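File shown here: final23.cif, holding mmCIF, C-alpha atoms.
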data_entry
loop_
_atom_site.label_atom_id
_atom_site.label_comp_id
_atom_site.auth_asym_id
_atom_site.auth_seq_id
_atom_site.Cartn_x
_atom_site.Cartn_y
_atom_site.Cartn_z
CA GLN Q 17 78.90 20.43 -0.82
CA GLN Q 18 79.31 17.69 1.77
CA LYS Q 19 77.03 17.96 4.80
CA VAL Q 20 78.14 16.37 8.05
CA GLN Q 21 75.62 16.17 10.87
CA GLN Q 22 76.19 14.91 14.38
CA SER Q 23 73.76 13.71 17.00
CA PRO Q 24 72.95 14.18 19.74
CA GLU Q 25 74.02 17.80 20.28
CA SER Q 26 74.74 16.98 23.89
CA LEU Q 27 74.97 13.78 25.90
CA THR Q 28 75.31 13.13 29.61
CA VAL Q 29 76.38 9.71 30.83
CA SER Q 30 77.49 8.27 34.13
CA GLU Q 31 81.07 7.22 34.62
CA GLY Q 32 81.52 3.68 33.35
CA ALA Q 33 78.43 3.61 31.11
CA MET Q 34 78.91 3.31 27.34
CA ALA Q 35 78.66 6.59 25.38
CA SER Q 36 77.52 6.45 21.75
CA LEU Q 37 77.80 9.34 19.29
CA ASN Q 38 76.50 9.47 15.73
CA CYS Q 39 77.56 11.17 12.51
CA THR Q 40 75.91 11.17 9.08
CA PHE Q 41 77.45 12.48 5.88
CA SER Q 42 76.01 13.26 2.46
CA ASP Q 43 78.74 12.34 -0.03
CA GLY Q 44 78.86 8.60 -0.59
CA THR Q 45 82.32 8.81 -2.18
CA SER Q 46 83.83 9.87 1.16
CA ASN Q 47 86.50 7.44 2.25
CA ASN Q 48 88.31 9.01 5.18
CA PHE Q 49 86.63 9.41 8.57
CA ARG Q 50 88.01 10.61 11.87
CA TRP Q 51 86.77 11.40 15.32
CA TYR Q 52 88.42 14.25 17.21
CA ARG Q 53 88.02 15.37 20.80
CA GLN Q 54 88.29 18.99 21.91
CA HIS Q 55 88.59 19.96 25.55
CA SER Q 56 87.61 23.50 26.45
CA ALA Q 57 90.00 26.12 25.00
CA LYS Q 58 92.22 23.42 23.53
CA GLY Q 59 93.01 22.11 20.07
CA LEU Q 60 91.61 18.99 18.46
CA GLU Q 61 92.98 15.59 19.47
CA VAL Q 62 92.49 12.74 17.00
CA LEU Q 63 90.95 9.66 18.63
CA VAL Q 64 90.37 7.17 15.84
CA SER Q 65 90.54 7.05 12.04
CA ILE Q 66 88.58 4.64 9.85
CA PHE Q 67 88.78 4.14 6.10
CA SER Q 68 86.63 1.09 5.30
CA ASP Q 69 83.33 -0.36 6.46
CA GLY Q 70 83.38 -2.12 9.78
CA GLU Q 71 84.95 -1.37 13.10
CA LYS Q 72 88.18 0.25 14.27
CA GLU Q 73 89.24 0.25 17.91
CA GLU Q 74 91.78 2.56 19.56
CA GLY Q 75 91.86 1.86 23.30
CA ARG Q 76 88.46 2.73 24.77
CA PHE Q 77 87.30 4.37 21.54
CA THR Q 78 85.65 2.34 18.75
CA ALA Q 79 84.43 3.72 15.43
CA HIS Q 80 81.87 1.95 13.27
CA LEU Q 81 81.51 2.86 9.61
CA ASN Q 82 78.64 1.98 7.26
CA ARG Q 83 79.19 3.86 4.03
CA ALA Q 84 76.02 2.50 2.41
CA ASN Q 85 74.02 4.12 5.20
CA LEU Q 86 76.23 7.24 5.17
CA HIS Q 87 76.85 6.74 8.87
CA VAL Q 88 79.81 6.60 11.20
CA SER Q 89 79.58 6.28 14.97
CA LEU Q 90 81.88 6.51 17.97
CA HIS Q 91 81.51 4.39 21.08
CA ILE Q 92 83.38 5.21 24.24
CA ARG Q 93 83.81 2.31 26.63
CA GLU Q 94 83.98 3.07 30.38
CA PRO Q 95 83.94 6.86 29.98
CA GLN Q 96 85.59 8.92 32.68
CA PRO Q 97 84.98 12.52 33.79
CA SER Q 98 88.18 13.49 31.94
CA ASP Q 99 86.44 12.42 28.70
CA SER Q 100 84.02 15.34 29.09
CA ALA Q 101 84.63 17.39 25.94
CA VAL Q 102 83.24 18.19 22.50
CA TYR Q 103 83.56 15.33 20.01
CA LEU Q 104 83.88 16.20 16.34
CA CYS Q 105 83.31 14.01 13.30
CA ALA Q 106 85.57 14.76 10.31
CA VAL Q 107 84.84 13.44 6.81
CA SER Q 108 86.96 13.77 3.68
CA ILE Q 109 87.71 12.38 0.26
CA THR Q 110 91.39 11.56 0.06
CA SER Q 111 91.70 12.70 -3.56
CA ASN Q 112 91.30 16.36 -2.56
CA ASN Q 113 92.07 16.41 1.18
CA ARG Q 114 89.12 18.72 1.87
CA ILE Q 115 87.89 17.96 5.41
CA PHE Q 116 84.31 18.64 6.47
CA PHE Q 117 83.48 18.76 10.16
CA GLY Q 118 80.23 18.23 12.01
CA ASP Q 119 79.11 20.71 14.64
CA GLY Q 120 80.08 18.41 17.47
CA THR Q 121 78.54 16.55 20.39
CA GLN Q 122 79.11 17.93 23.88
CA LEU Q 123 79.74 14.94 26.16
CA VAL Q 124 79.48 15.24 29.94
CA VAL Q 125 80.58 12.29 32.06
CA LYS Q 126 79.28 12.44 35.62
CA PRO Q 127 81.25 10.77 38.43
CA ASP E 12 107.88 15.56 19.42
CA ALA E 13 106.87 19.18 18.91
CA GLY E 14 103.28 19.59 17.83
CA VAL E 15 101.72 22.47 15.93
CA THR E 16 102.57 25.77 17.64
CA GLN E 17 100.31 28.78 17.35
CA THR E 18 101.02 32.28 18.62
CA PRO E 19 99.68 34.29 20.24
CA ARG E 20 97.18 32.22 22.24
CA HIS E 21 94.98 35.26 22.76
CA GLU E 22 94.65 38.46 20.75
CA VAL E 23 92.48 41.50 21.35
CA ALA E 24 92.08 43.98 18.50
CA GLU E 25 90.13 47.14 17.84
CA LYS E 26 87.83 47.19 14.83
CA GLY E 27 89.79 48.16 11.73
CA GLN E 28 93.16 46.95 12.98
CA THR E 29 95.44 44.53 11.15
CA ILE E 30 96.37 41.40 13.04
CA ILE E 31 98.74 38.58 12.14
CA LEU E 32 98.42 35.11 13.57
CA LYS E 33 101.33 32.69 13.38
CA CYS E 34 101.65 28.93 13.01
CA GLU E 35 104.60 26.55 13.07
CA PRO E 36 103.63 23.15 11.65
CA VAL E 37 105.11 19.84 12.68
CA SER E 38 108.53 19.44 11.09
CA GLY E 39 108.35 17.44 7.86
CA HIS E 40 104.62 17.91 7.33
CA ASN E 41 103.63 18.91 3.79
CA ASP E 42 100.05 20.08 4.34
CA LEU E 43 98.94 23.07 6.40
CA PHE E 44 95.39 24.19 7.14
CA TRP E 45 93.88 27.29 8.72
CA TYR E 46 90.38 26.98 10.23
CA ARG E 47 88.07 29.39 11.99
CA GLN E 48 85.91 27.99 14.80
CA THR E 49 82.77 29.64 16.16
CA LYS E 50 79.83 28.23 18.10
CA ILE E 51 77.41 29.14 15.33
CA GLN E 52 79.35 28.06 12.23
CA GLY E 53 81.58 25.39 13.72
CA LEU E 54 84.87 24.76 11.90
CA GLU E 55 85.30 26.61 8.59
CA LEU E 56 88.29 26.14 6.29
CA LEU E 57 90.14 29.38 5.57
CA SER E 58 93.19 28.14 3.66
CA TYR E 59 94.94 24.93 2.68
CA PHE E 60 98.59 24.69 1.58
CA ARG E 61 100.38 21.71 0.13
CA SER E 62 104.19 21.98 -0.05
CA LYS E 63 103.82 25.75 0.45
CA SER E 64 101.47 26.13 -2.53
CA LEU E 65 98.00 27.49 -1.84
CA MET E 66 95.49 24.79 -2.77
CA GLU E 67 92.33 26.37 -1.40
CA ASP E 68 91.65 29.85 -0.12
CA GLY E 69 88.27 29.38 1.57
CA GLY E 70 86.16 31.32 -0.94
CA ALA E 71 84.09 33.64 1.23
CA PHE E 72 87.09 34.61 3.33
CA LYS E 73 89.20 35.99 0.46
CA ASP E 74 88.58 39.68 0.88
CA ARG E 75 90.06 40.39 4.32
CA PHE E 76 91.86 37.15 5.11
CA LYS E 77 95.24 36.28 3.66
CA ALA E 78 97.27 33.22 4.59
CA GLU E 79 100.87 32.87 3.53
CA MET E 80 103.50 30.18 3.82
CA LEU E 81 106.89 31.69 3.04
CA ASN E 82 108.76 28.57 4.12
CA SER E 83 107.84 25.05 5.09
CA SER E 84 108.14 25.75 8.81
CA PHE E 85 106.08 28.91 9.22
CA SER E 86 102.73 30.28 8.14
CA THR E 87 100.83 33.47 8.89
CA LEU E 88 97.20 34.46 8.70
CA LYS E 89 96.59 38.18 8.25
CA ILE E 90 93.17 39.71 8.87
CA GLN E 91 92.89 43.23 7.52
CA PRO E 92 90.84 45.15 8.56
CA THR E 93 89.37 43.29 11.49
CA GLU E 94 85.65 43.38 12.24
CA PRO E 95 83.80 42.31 15.41
CA LYS E 96 82.35 39.32 13.52
CA ASP E 97 85.91 37.98 13.17
CA SER E 98 85.92 37.16 16.89
CA ALA E 99 86.57 33.42 16.95
CA VAL E 100 89.19 30.78 17.60
CA TYR E 101 91.63 30.34 14.72
CA LEU E 102 93.11 26.86 14.45
CA CYS E 103 96.12 25.75 12.46
CA ALA E 104 96.69 22.10 11.54
CA SER E 105 99.42 20.23 9.69
CA SER E 106 99.58 16.81 8.10
CA PRO E 107 102.20 14.64 6.39
CA GLY E 108 99.92 14.71 3.35
CA THR E 109 99.30 10.98 3.17
CA GLU E 110 95.70 9.86 3.30
CA TYR E 111 96.11 7.63 6.33
CA GLN E 112 97.71 10.14 8.69
CA ALA E 113 95.45 12.55 10.50
CA PRO E 114 96.04 16.29 10.56
CA LEU E 115 97.36 17.47 13.94
CA PHE E 116 95.93 20.67 15.38
CA GLY E 117 97.46 23.47 17.39
CA GLU E 118 95.71 24.88 20.46
CA GLY E 119 94.46 27.87 18.53
CA THR E 120 94.45 31.64 18.84
CA ARG E 121 91.39 33.19 20.46
CA LEU E 122 90.72 36.53 18.75
CA SER E 123 88.43 39.17 20.22
CA VAL E 124 87.63 42.21 18.07
CA LEU E 125 86.09 45.12 19.96
#
Let's see the structure in the file written out as structure tokens.
Amino acid sequence: QQKVQQSPESLTVSEGAMASLNCTFSDGTSNNFRWYRQHSAKGLEVLVSIFSDGEKEEGRFTAHLNRANLHVSLHIREPQPSDSAVYLCAVSITSNNRIFFGDGTQLVVKP
Amino acid sequence: DAGVTQTPRHEVAEKGQTIILKCEPVSGHNDLFWYRQTKIQGLELLSYFRSKSLMEDGGAFKDRFKAEMLNSSFSTLKIQPTEPKDSAVYLCASSPGTEYQAPLFGEGTRLSVL
């Protein structure tokens, strides 16, 4: 079964500094990767989806995928206190639509 | 656009009770997912429907958990009987079913079993 691991478990950054989150996965045939954000007591909000190696930017959020290294990352440019939330990595294989989630990174952005 | 709607937002149950959680997916979406979220286990898939047909029933959750999708615009998750370990947030998500469109999540139902 696919294993998805995120690091760090928690991250504190100052407002305006770049925040970088990491995600590793175990199944090299995975081809569908997403980053979600979850504010306290809320649902999951999709931030960026990436399907091939390289970079995908959505506003201040950029995902980098390296399937050979089984690694996908999320970089948040100029984070704001409102970005404080749990960030979840989601990995799937489109042929079966089964989505595996990491345990999340708790991001705190200090003013 | 209406998103995924889950009701109730909060539910408190006594051990042994039957509870039913409800989900209305985004109109036109073909896929519907039920997840359980806890701090220890994270997000666990309970059920997955495609065009109202059950594609996956979450294995370990079969005995007391039953998800149904009687029509394309409504799904229920029944837990019977409830146990204290069922205390969690239950999330419903729907998706158009194409590989490039992300599932959209509801805000969840927080269940407390006493």
(request) Dig up all the protein and nucleic acid residues within 12 Å of (79.3, 11.0, -3.6) in the file frame, using all atoms listed in the file, and format them as a PyMOL selection string. (result) chain Q and resi 17-19+41-47+83-84+86+108-109
(request) With the file shown as input, list the residues that the PyMOL selection byres ((chain E and resi 55) around 10) selects, as a list of chain:residue names. (result) Q:Ile115, Q:Phe116, Q:Phe117, E:Trp45, E:Tyr46, E:Arg47, E:Gln48, E:Thr49, E:Gln52, E:Gly53, E:Leu54, E:Leu56, E:Leu57, E:Ser58, E:Gly69, E:Phe72, E:Tyr101, E:Leu102
Per-axis box centre and lengths in Å around segment 56-71 of chain E, 8 Å margin per side, axis-aligned, as lines of an AutoDock Vina configuration file:
center_x = 94.1
center_y = 27.7
center_z = 1.8
size_x = 36.1
size_y = 27.9
size_z = 25.1
Chain Q contacts to chain E at 12 Å (all atoms listed in the file) as an mmCIF file with C-alpha atoms, in the coordinates of the input:
data_model
loop_
_atom_site.group_PDB
_atom_site.id
_atom_site.type_symbol
_atom_site.label_atom_id
_atom_site.label_comp_id
_atom_site.auth_asym_id
_atom_site.auth_seq_id
_atom_site.Cartn_x
_atom_site.Cartn_y
_atom_site.Cartn_z
ATOM 1 C CA VAL Q 20 78.140 16.370 8.050
ATOM 2 C CA GLN Q 21 75.620 16.170 10.870
ATOM 3 C CA GLN Q 22 76.190 14.910 14.380
ATOM 4 C CA ASN Q 47 86.500 7.440 2.250
ATOM 5 C CA ASN Q 48 88.310 9.010 5.180
ATOM 6 C CA PHE Q 49 86.630 9.410 8.570
ATOM 7 C CA ARG Q 50 88.010 10.610 11.870
ATOM 8 C CA TRP Q 51 86.770 11.400 15.320
ATOM 9 C CA TYR Q 52 88.420 14.250 17.210
ATOM 10 C CA ARG Q 53 88.020 15.370 20.800
ATOM 11 C CA GLN Q 54 88.290 18.990 21.910
ATOM 12 C CA HIS Q 55 88.590 19.960 25.550
ATOM 13 C CA SER Q 56 87.610 23.500 26.450
ATOM 14 C CA ALA Q 57 90.000 26.120 25.000
ATOM 15 C CA LYS Q 58 92.220 23.420 23.530
ATOM 16 C CA GLY Q 59 93.010 22.110 20.070
ATOM 17 C CA LEU Q 60 91.610 18.990 18.460
ATOM 18 C CA GLU Q 61 92.980 15.590 19.470
ATOM 19 C CA VAL Q 62 92.490 12.740 17.000
ATOM 20 C CA LEU Q 63 90.950 9.660 18.630
ATOM 21 C CA VAL Q 64 90.370 7.170 15.840
ATOM 22 C CA SER Q 65 90.540 7.050 12.040
ATOM 23 C CA ILE Q 66 88.580 4.640 9.850
ATOM 24 C CA PHE Q 67 88.780 4.140 6.100
ATOM 25 C CA SER Q 68 86.630 1.090 5.300
ATOM 26 C CA VAL Q 102 83.240 18.190 22.500
ATOM 27 C CA LEU Q 104 83.880 16.200 16.340
ATOM 28 C CA CYS Q 105 83.310 14.010 13.300
ATOM 29 C CA ALA Q 106 85.570 14.760 10.310
ATOM 30 C CA VAL Q 107 84.840 13.440 6.810
ATOM 31 C CA SER Q 108 86.960 13.770 3.680
ATOM 32 C CA ILE Q 109 87.710 12.380 0.260
ATOM 33 C CA THR Q 110 91.390 11.560 0.060
ATOM 34 C CA SER Q 111 91.700 12.700 -3.560
ATOM 35 C CA ASN Q 112 91.300 16.360 -2.560
ATOM 36 C CA ASN Q 113 92.070 16.410 1.180
ATOM 37 C CA ARG Q 114 89.120 18.720 1.870
ATOM 38 C CA ILE Q 115 87.890 17.960 5.410
ATOM 39 C CA PHE Q 116 84.310 18.640 6.470
ATOM 40 C CA PHE Q 117 83.480 18.760 10.160
ATOM 41 C CA GLY Q 118 80.230 18.230 12.010
ATOM 42 C CA ASP Q 119 79.110 20.710 14.640
ATOM 43 C CA GLY Q 120 80.080 18.410 17.470
ATOM 44 C CA THR Q 121 78.540 16.550 20.390
ATOM 45 C CA GLN Q 122 79.110 17.930 23.880
#
(request) Please evaluate the PyMOL selection byres ((chain E and resi 92) around 10) against the displayed coordinates and give the resulting residues as a PyMOL selection string. (result) chain E and resi 25-30+74-76+89-91+93-94+97
(message) Using Å and a single decimal, report how far atom CA of Lys73 of chain E sits from atom CA of Ile31 of chain E.
(response)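 Spanning atom CA of Ile31 of chain E to atom CA of Lys73 of chain E is a straight-line distance of 15.3 Å.
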(request) For each of E:Ser106, E:Ser83, E:Ser123, E:Asn41, take the minimum atom-to-atom distance to Gly14 of chain E, counting only C-alpha atoms, then give the residue where this is smallest. (result)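 Residue with the minimum atom-to-atom distance to Gly14 of chain E: E:Ser106.
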(message) Would you compute the distance between atom CA of Glu73 of chain Q and atom CA of Ser23 of chain Q? Give it in Å to one decimal.
(response)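 Going from atom CA of Glu73 of chain Q over to atom CA of Ser23 of chain Q covers 20.5 Å.
Distance check against Ser62 of chain E using all atoms listed in the file: of E:Leu88, E:Val124, E:Leu43, E:Val23, the minimum falls on E:Leu43.
Rounded to one decimal, atom CA of Thr16 of chain E and atom CA of Val124 of chain Q lie 28.2 Å from each other.
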